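Here's query-v1.pdb, which has PDB, C-alpha atoms:
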```pdb
ATOM      1  CA  MET A   1     -61.502  47.646  52.212  1.00  0.00           C
ATOM      2  CA  THR A   2     -60.887  50.098  55.023  1.00  0.00           C
ATOM      3  CA  ALA A   3     -61.851  49.350  58.614  1.00  0.00           C
ATOM      4  CA  THR A   4     -64.658  51.951  58.414  1.00  0.00           C
ATOM      5  CA  THR A   5     -66.005  50.491  55.181  1.00  0.00           C
ATOM      6  CA  ALA A   6     -65.796  46.958  56.578  1.00  0.00           C
ATOM      7  CA  THR A   7     -67.647  48.050  59.725  1.00  0.00           C
ATOM      8  CA  ARG A   8     -70.351  49.796  57.684  1.00  0.00           C
ATOM      9  CA  PHE A   9     -70.673  46.780  55.400  1.00  0.00           C
ATOM     10  CA  ARG A  10     -70.944  44.441  58.387  1.00  0.00           C
ATOM     11  CA  THR A  11     -73.538  46.706  60.039  1.00  0.00           C
ATOM     12  CA  TYR A  12     -75.773  46.551  56.979  1.00  0.00           C
ATOM     13  CA  THR A  13     -75.324  42.891  56.150  1.00  0.00           C
ATOM     14  CA  ILE A  14     -74.506  40.733  59.154  1.00  0.00           C
ATOM     15  CA  ALA A  15     -77.995  40.589  60.654  1.00  0.00           C
ATOM     16  CA  GLY A  16     -80.680  39.397  58.359  1.00  0.00           C
ATOM     17  CA  LEU A  17     -78.940  37.954  55.330  1.00  0.00           C
ATOM     18  CA  ALA A  18     -80.844  34.911  54.263  1.00  0.00           C
ATOM     19  CA  THR A  19     -80.292  32.686  51.280  1.00  0.00           C
ATOM     20  CA  VAL A  20     -83.127  30.699  49.881  1.00  0.00           C
ATOM     21  CA  GLY A  21     -81.781  28.033  47.591  1.00  0.00           C
ATOM     22  CA  ALA A  22     -79.017  29.693  45.646  1.00  0.00           C
ATOM     23  CA  ALA A  23     -80.380  33.209  46.118  1.00  0.00           C
ATOM     24  CA  ALA A  24     -78.895  35.593  48.625  1.00  0.00           C
ATOM     25  CA  ALA A  25     -81.819  37.246  50.352  1.00  0.00           C
ATOM     26  CA  ALA A  26     -81.417  40.097  52.747  1.00  0.00           C
ATOM     27  CA  ALA A  27     -84.724  39.493  54.491  1.00  0.00           C
ATOM     28  CA  THR A  28     -84.304  42.415  56.831  1.00  0.00           C
ATOM     29  CA  LEU A  29     -84.003  45.015  54.093  1.00  0.00           C
ATOM     30  CA  ALA A  30     -86.908  47.315  53.373  1.00  0.00           C
ATOM     31  CA  PRO A  31     -89.441  45.836  50.964  1.00  0.00           C
ATOM     32  CA  THR A  32     -90.302  46.498  47.387  1.00  0.00           C
ATOM     33  CA  PRO A  33     -93.695  45.345  46.097  1.00  0.00           C
ATOM     34  CA  ALA A  34     -93.698  41.680  45.106  1.00  0.00           C
ATOM     35  CA  HIS A  35     -93.096  41.179  41.392  1.00  0.00           C
ATOM     36  CA  ALA A  36     -93.043  44.922  40.703  1.00  0.00           C
ATOM     37  CA  ALA A  37     -91.230  46.185  37.648  1.00  0.00           C
ATOM     38  CA  ALA A  38     -88.128  48.269  38.296  1.00  0.00           C
ATOM     39  CA  ALA A  39     -88.644  48.726  42.012  1.00  0.00           C
ATOM     40  CA  PRO A  40     -86.620  51.550  43.540  1.00  0.00           C
ATOM     41  CA  SER A  41     -83.458  50.832  45.475  1.00  0.00           C
ATOM     42  CA  HIS A  42     -83.818  50.964  49.270  1.00  0.00           C
ATOM     43  CA  SER A  43     -81.223  51.360  51.971  1.00  0.00           C
ATOM     44  CA  PRO A  44     -81.129  48.725  54.740  1.00  0.00           C
ATOM     45  CA  ALA A  45     -82.217  51.341  57.271  1.00  0.00           C
ATOM     46  CA  ALA A  46     -85.397  52.213  55.403  1.00  0.00           C
ATOM     47  CA  VAL A  47     -88.417  50.956  57.259  1.00  0.00           C
ATOM     48  CA  SER A  48     -91.538  52.393  55.660  1.00  0.00           C
ATOM     49  CA  VAL A  49     -93.698  51.013  52.897  1.00  0.00           C
ATOM     50  CA  SER A  50     -94.767  53.554  50.297  1.00  0.00           C
ATOM     51  CA  ALA A  51     -98.408  54.286  49.571  1.00  0.00           C
ATOM     52  CA  THR A  52     -97.857  52.781  46.114  1.00  0.00           C
ATOM     53  CA  ALA A  53     -96.615  49.528  47.632  1.00  0.00           C
ATOM     54  CA  VAL A  54     -99.634  49.364  49.926  1.00  0.00           C
ATOM     55  CA  ALA A  55    -101.997  50.031  47.010  1.00  0.00           C
ATOM     56  CA  GLN A  56    -100.295  47.374  44.872  1.00  0.00           C
ATOM     57  CA  GLN A  57    -100.518  44.877  47.729  1.00  0.00           C
ATOM     58  CA  ALA A  58    -104.226  45.619  48.165  1.00  0.00           C
ATOM     59  CA  ALA A  59    -104.829  45.153  44.417  1.00  0.00           C
ATOM     60  CA  LYS A  60    -102.939  41.863  44.549  1.00  0.00           C
ATOM     61  CA  ALA A  61    -105.078  40.688  47.476  1.00  0.00           C
ATOM     62  CA  ASP A  62    -108.272  41.615  45.602  1.00  0.00           C
ATOM     63  CA  ALA A  63    -107.109  39.704  42.524  1.00  0.00           C
ATOM     64  CA  GLN A  64    -106.366  36.572  44.581  1.00  0.00           C
ATOM     65  CA  GLY A  65    -109.930  36.190  45.831  1.00  0.00           C
ATOM     66  CA  GLY A  66    -110.447  32.544  46.855  1.00  0.00           C
ATOM     67  CA  ASP A  67    -106.718  31.886  46.537  1.00  0.00           C
ATOM     68  CA  ALA A  68    -106.240  32.773  50.215  1.00  0.00           C
ATOM     69  CA  GLN A  69    -108.669  30.026  51.186  1.00  0.00           C
ATOM     70  CA  GLN A  70    -106.670  27.482  49.161  1.00  0.00           C
ATOM     71  CA  VAL A  71    -103.449  28.587  50.893  1.00  0.00           C
ATOM     72  CA  SER A  72    -105.153  28.412  54.281  1.00  0.00           C
ATOM     73  CA  GLN A  73    -106.217  24.842  53.525  1.00  0.00           C
ATOM     74  CA  LEU A  74    -102.650  23.952  52.528  1.00  0.00           C
ATOM     75  CA  VAL A  75    -101.395  25.340  55.839  1.00  0.00           C
ATOM     76  CA  GLU A  76    -103.965  23.342  57.841  1.00  0.00           C
ATOM     77  CA  GLN A  77    -103.204  20.150  55.900  1.00  0.00           C
ATOM     78  CA  GLY A  78     -99.486  20.756  56.344  1.00  0.00           C
ATOM     79  CA  LYS A  79     -99.828  21.086  60.122  1.00  0.00           C
ATOM     80  CA  LYS A  80    -101.621  17.727  60.264  1.00  0.00           C
ATOM     81  CA  GLN A  81     -99.329  15.985  57.790  1.00  0.00           C
ATOM     82  CA  HIS A  82     -95.940  17.487  58.694  1.00  0.00           C
ATOM     83  CA  GLY A  83     -96.307  18.436  62.362  1.00  0.00           C
ATOM     84  CA  ASP A  84     -95.841  21.559  64.455  1.00  0.00           C
ATOM     85  CA  ASN A  85     -92.049  21.678  64.611  1.00  0.00           C
ATOM     86  CA  LEU A  86     -89.183  23.080  62.530  1.00  0.00           C
ATOM     87  CA  ASP A  87     -89.279  20.269  59.975  1.00  0.00           C
ATOM     88  CA  GLY A  88     -93.057  20.561  59.681  1.00  0.00           C
ATOM     89  CA  TRP A  89     -92.998  24.355  59.373  1.00  0.00           C
ATOM     90  CA  ILE A  90     -90.467  24.159  56.550  1.00  0.00           C
ATOM     91  CA  ARG A  91     -92.373  21.411  54.713  1.00  0.00           C
ATOM     92  CA  THR A  92     -95.688  23.250  55.100  1.00  0.00           C
ATOM     93  CA  ALA A  93     -94.106  26.495  53.885  1.00  0.00           C
ATOM     94  CA  LEU A  94     -92.661  24.648  50.875  1.00  0.00           C
ATOM     95  CA  ASP A  95     -96.150  23.314  50.054  1.00  0.00           C
ATOM     96  CA  VAL A  96     -97.497  26.883  50.059  1.00  0.00           C
ATOM     97  CA  MET A  97     -94.495  28.180  48.130  1.00  0.00           C
ATOM     98  CA  ASP A  98     -94.934  25.479  45.499  1.00  0.00           C
ATOM     99  CA  ALA A  99     -98.605  26.400  45.083  1.00  0.00           C
ATOM    100  CA  LYS A 100     -97.683  30.090  44.754  1.00  0.00           C
ATOM    101  CA  GLY A 101     -94.683  29.591  42.448  1.00  0.00           C
ATOM    102  CA  ILE A 102     -92.171  30.805  45.037  1.00  0.00           C
ATOM    103  CA  PRO A 103     -88.821  29.011  44.688  1.00  0.00           C
ATOM    104  CA  GLY A 104     -87.017  27.416  47.606  1.00  0.00           C
ATOM    105  CA  SER A 105     -85.572  24.174  48.854  1.00  0.00           C
ATOM    106  CA  TYR A 106     -85.800  22.362  52.162  1.00  0.00           C
ATOM    107  CA  ASP A 107     -82.033  22.417  52.701  1.00  0.00           C
ATOM    108  CA  GLY A 108     -81.681  26.082  51.742  1.00  0.00           C
ATOM    109  CA  VAL A 109     -84.516  27.220  53.987  1.00  0.00           C
ATOM    110  CA  LYS A 110     -83.379  25.115  56.945  1.00  0.00           C
ATOM    111  CA  LYS A 111     -79.763  26.279  56.660  1.00  0.00           C
ATOM    112  CA  ASN A 112     -80.861  29.907  56.773  1.00  0.00           C
ATOM    113  CA  ILE A 113     -83.287  29.395  59.628  1.00  0.00           C
ATOM    114  CA  LEU A 114     -80.574  27.800  61.730  1.00  0.00           C
ATOM    115  CA  ARG A 115     -78.206  30.675  60.949  1.00  0.00           C
ATOM    116  CA  GLU A 116     -80.765  33.441  61.469  1.00  0.00           C
ATOM    117  CA  SER A 117     -82.737  32.265  64.508  1.00  0.00           C
ATOM    118  CA  GLY A 118     -81.456  28.870  65.585  1.00  0.00           C
ATOM    119  CA  GLY A 119     -84.952  27.565  64.813  1.00  0.00           C
ATOM    120  CA  ASN A 120     -86.690  29.825  67.348  1.00  0.00           C
ATOM    121  CA  PRO A 121     -89.827  31.385  65.782  1.00  0.00           C
ATOM    122  CA  GLN A 122     -89.876  34.015  68.562  1.00  0.00           C
ATOM    123  CA  ALA A 123     -86.273  35.159  67.924  1.00  0.00           C
ATOM    124  CA  GLN A 124     -85.855  38.932  67.767  1.00  0.00           C
ATOM    125  CA  ASN A 125     -82.803  41.004  66.858  1.00  0.00           C
ATOM    126  CA  ASN A 126     -82.608  44.029  69.147  1.00  0.00           C
ATOM    127  CA  TRP A 127     -79.208  45.363  68.135  1.00  0.00           C
ATOM    128  CA  ASP A 128     -78.905  45.877  64.349  1.00  0.00           C
ATOM    129  CA  VAL A 129     -79.715  49.018  62.344  1.00  0.00           C
ATOM    130  CA  ASN A 130     -83.346  47.968  61.905  1.00  0.00           C
ATOM    131  CA  ALA A 131     -83.804  47.562  65.661  1.00  0.00           C
ATOM    132  CA  GLN A 132     -82.101  50.919  66.215  1.00  0.00           C
ATOM    133  CA  ASN A 133     -84.727  52.395  63.888  1.00  0.00           C
ATOM    134  CA  GLY A 134     -87.540  50.768  65.868  1.00  0.00           C
ATOM    135  CA  VAL A 135     -88.231  47.869  63.520  1.00  0.00           C
ATOM    136  CA  PRO A 136     -86.438  44.766  64.819  1.00  0.00           C
ATOM    137  CA  SER A 137     -86.031  41.633  62.743  1.00  0.00           C
ATOM    138  CA  LYS A 138     -88.197  38.790  64.021  1.00  0.00           C
ATOM    139  CA  GLY A 139     -89.012  35.156  63.450  1.00  0.00           C
ATOM    140  CA  LEU A 140     -87.302  32.169  61.917  1.00  0.00           C
ATOM    141  CA  LEU A 141     -85.799  34.124  59.005  1.00  0.00           C
ATOM    142  CA  GLN A 142     -85.439  37.475  60.807  1.00  0.00           C
ATOM    143  CA  VAL A 143     -87.804  39.619  58.762  1.00  0.00           C
ATOM    144  CA  ILE A 144     -88.790  43.209  59.568  1.00  0.00           C
ATOM    145  CA  GLN A 145     -92.489  44.103  59.707  1.00  0.00           C
ATOM    146  CA  PRO A 146     -92.612  46.243  56.522  1.00  0.00           C
ATOM    147  CA  THR A 147     -91.019  43.428  54.505  1.00  0.00           C
ATOM    148  CA  PHE A 148     -93.437  40.920  55.994  1.00  0.00           C
ATOM    149  CA  ASP A 149     -96.391  43.185  55.233  1.00  0.00           C
ATOM    150  CA  ALA A 150     -95.339  43.624  51.605  1.00  0.00           C
ATOM    151  CA  TYR A 151     -94.534  39.948  50.946  1.00  0.00           C
ATOM    152  CA  HIS A 152     -97.054  38.180  53.186  1.00  0.00           C
ATOM    153  CA  VAL A 153     -98.971  35.499  51.301  1.00  0.00           C
ATOM    154  CA  ASP A 154    -102.700  35.642  51.963  1.00  0.00           C
ATOM    155  CA  GLY A 155    -103.942  32.489  53.594  1.00  0.00           C
ATOM    156  CA  THR A 156    -100.951  32.207  55.918  1.00  0.00           C
ATOM    157  CA  GLU A 157    -101.237  33.754  59.383  1.00  0.00           C
ATOM    158  CA  ASN A 158    -100.863  37.524  59.376  1.00  0.00           C
ATOM    159  CA  SER A 159     -98.211  37.298  62.090  1.00  0.00           C
ATOM    160  CA  LEU A 160     -94.503  38.029  61.623  1.00  0.00           C
ATOM    161  CA  THR A 161     -93.549  35.326  64.122  1.00  0.00           C
ATOM    162  CA  ASP A 162     -95.826  32.616  62.735  1.00  0.00           C
ATOM    163  CA  PRO A 163     -93.276  30.081  61.453  1.00  0.00           C
ATOM    164  CA  VAL A 164     -94.952  29.227  58.144  1.00  0.00           C
ATOM    165  CA  ALA A 165     -95.936  32.822  57.348  1.00  0.00           C
ATOM    166  CA  ASN A 166     -92.398  34.028  58.166  1.00  0.00           C
ATOM    167  CA  ILE A 167     -90.745  31.438  55.896  1.00  0.00           C
ATOM    168  CA  VAL A 168     -93.142  32.077  53.013  1.00  0.00           C
ATOM    169  CA  ALA A 169     -92.900  35.879  53.237  1.00  0.00           C
ATOM    170  CA  ALA A 170     -89.084  35.811  53.467  1.00  0.00           C
ATOM    171  CA  SER A 171     -88.892  33.427  50.516  1.00  0.00           C
ATOM    172  CA  ASN A 172     -91.349  35.534  48.517  1.00  0.00           C
ATOM    173  CA  TYR A 173     -89.155  38.559  49.196  1.00  0.00           C
ATOM    174  CA  ALA A 174     -85.999  36.673  48.212  1.00  0.00           C
ATOM    175  CA  ALA A 175     -87.562  35.462  44.958  1.00  0.00           C
ATOM    176  CA  ASP A 176     -88.742  38.970  44.076  1.00  0.00           C
ATOM    177  CA  ARG A 177     -85.505  40.680  45.035  1.00  0.00           C
ATOM    178  CA  TYR A 178     -82.947  38.090  43.884  1.00  0.00           C
ATOM    179  CA  GLY A 179     -84.689  35.521  41.676  1.00  0.00           C
ATOM    180  CA  SER A 180     -84.200  31.820  42.188  1.00  0.00           C
TER     181      SER A 180
END
```
Entire entry expressed as structure tokens:
Amino acid sequence: MTATTATRFRTYTIAGLATVGAAAAAATLAPTPAHAAAAPSHSPAAVSVSATAVAQQAAKADAQGGDAQQVSQLVEQGKKQHGDNLDGWIRTALDVMDAKGIPGSYDGVKKNILRESGGNPQAQNNWDVNAQNGVPSKGLLQVIQPTFDAYHVDGTENSLTDPVANIVAASNYAADRYGS
């Protein structure tokens, strides 16, 4: 690998690679619609969600109906049961992920959070290619806004830096993009 190729590779991969369980998940890459068939390939610098992706997400939300309320209840129960700290956020996110069929493990999620943000839900990357394009990676698993928007699970907070919502959206993305 040449120095230029290595630099380019590092630029596209160093910030935002997250593994959930055994899956390598580049959580800062541009999104594809969750569970879509044959989604198009996206470059790491891409930052917009297509009209099709938005329409598919809206249809998914309509189909879920009361499902968002169930997820919201899981989040509230998780806060009371697990606490409002890194361990609690992970355990609450895993409860939601289990209910939604999104794979992940406590150890895998925690390892990636510590690598990506050091456990700071307000962490923001202001130097990588996404930040240079005006869409910095944020939160525990360093997700960009378009990815969060496409993979957000209704019933979790609609906030990129909400710890539980960030973990669930990043894991949803990883499952869709890489499997389990």
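Taking CA of Gly155 in chain A and CA of Asp67 in chain A as endpoints, the distance between them is 7.6 Å.
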Report task. Check what the PyMOL selection byres ((chain A and resi 141-143) around 8) selects in the file above and give those residues as a PyMOL selection string. Result -> chain A and resi 16+18+27-28+112-113+116-117+123-125+137-140+144-145+147-148+160+166-167+170
**Report entry** Best match for closeness to Lys111 in chain A among A:Val96, A:Val75, A:Ala150, A:Ile90, counting only C-alpha atoms
**Finding:**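 The answer is A:Ile90, which sits nearest to Lys111 in chain A.
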**Report entry** Nearest to Lys79 in chain A, chosen from A:Gln132, A:Ser105, A:Thr156, A:Gln122, with all atoms listed in the file counted in the distances
**Finding:**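 Looking only at the distances to Lys79 in chain A, the closest residue turns out to be A:Thr156.
Of the listed residues A:Val153, A:Leu86, A:Ile102, A:Val109, the one whose atoms come nearest to Val71 in chain A is A:Val153, with distances taken using all atoms listed in the file.
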Query raised in the report: Any idea what the distance is between CA of Pro103 in chain A and CA of Ala175 in chain A?
Result: 6.6 Å
Query raised in the report: CA of Val164 in chain A and CA of Asn130 in chain A, how far apart in Å?
Result: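 Those two atoms sit 22.4 Å apart.
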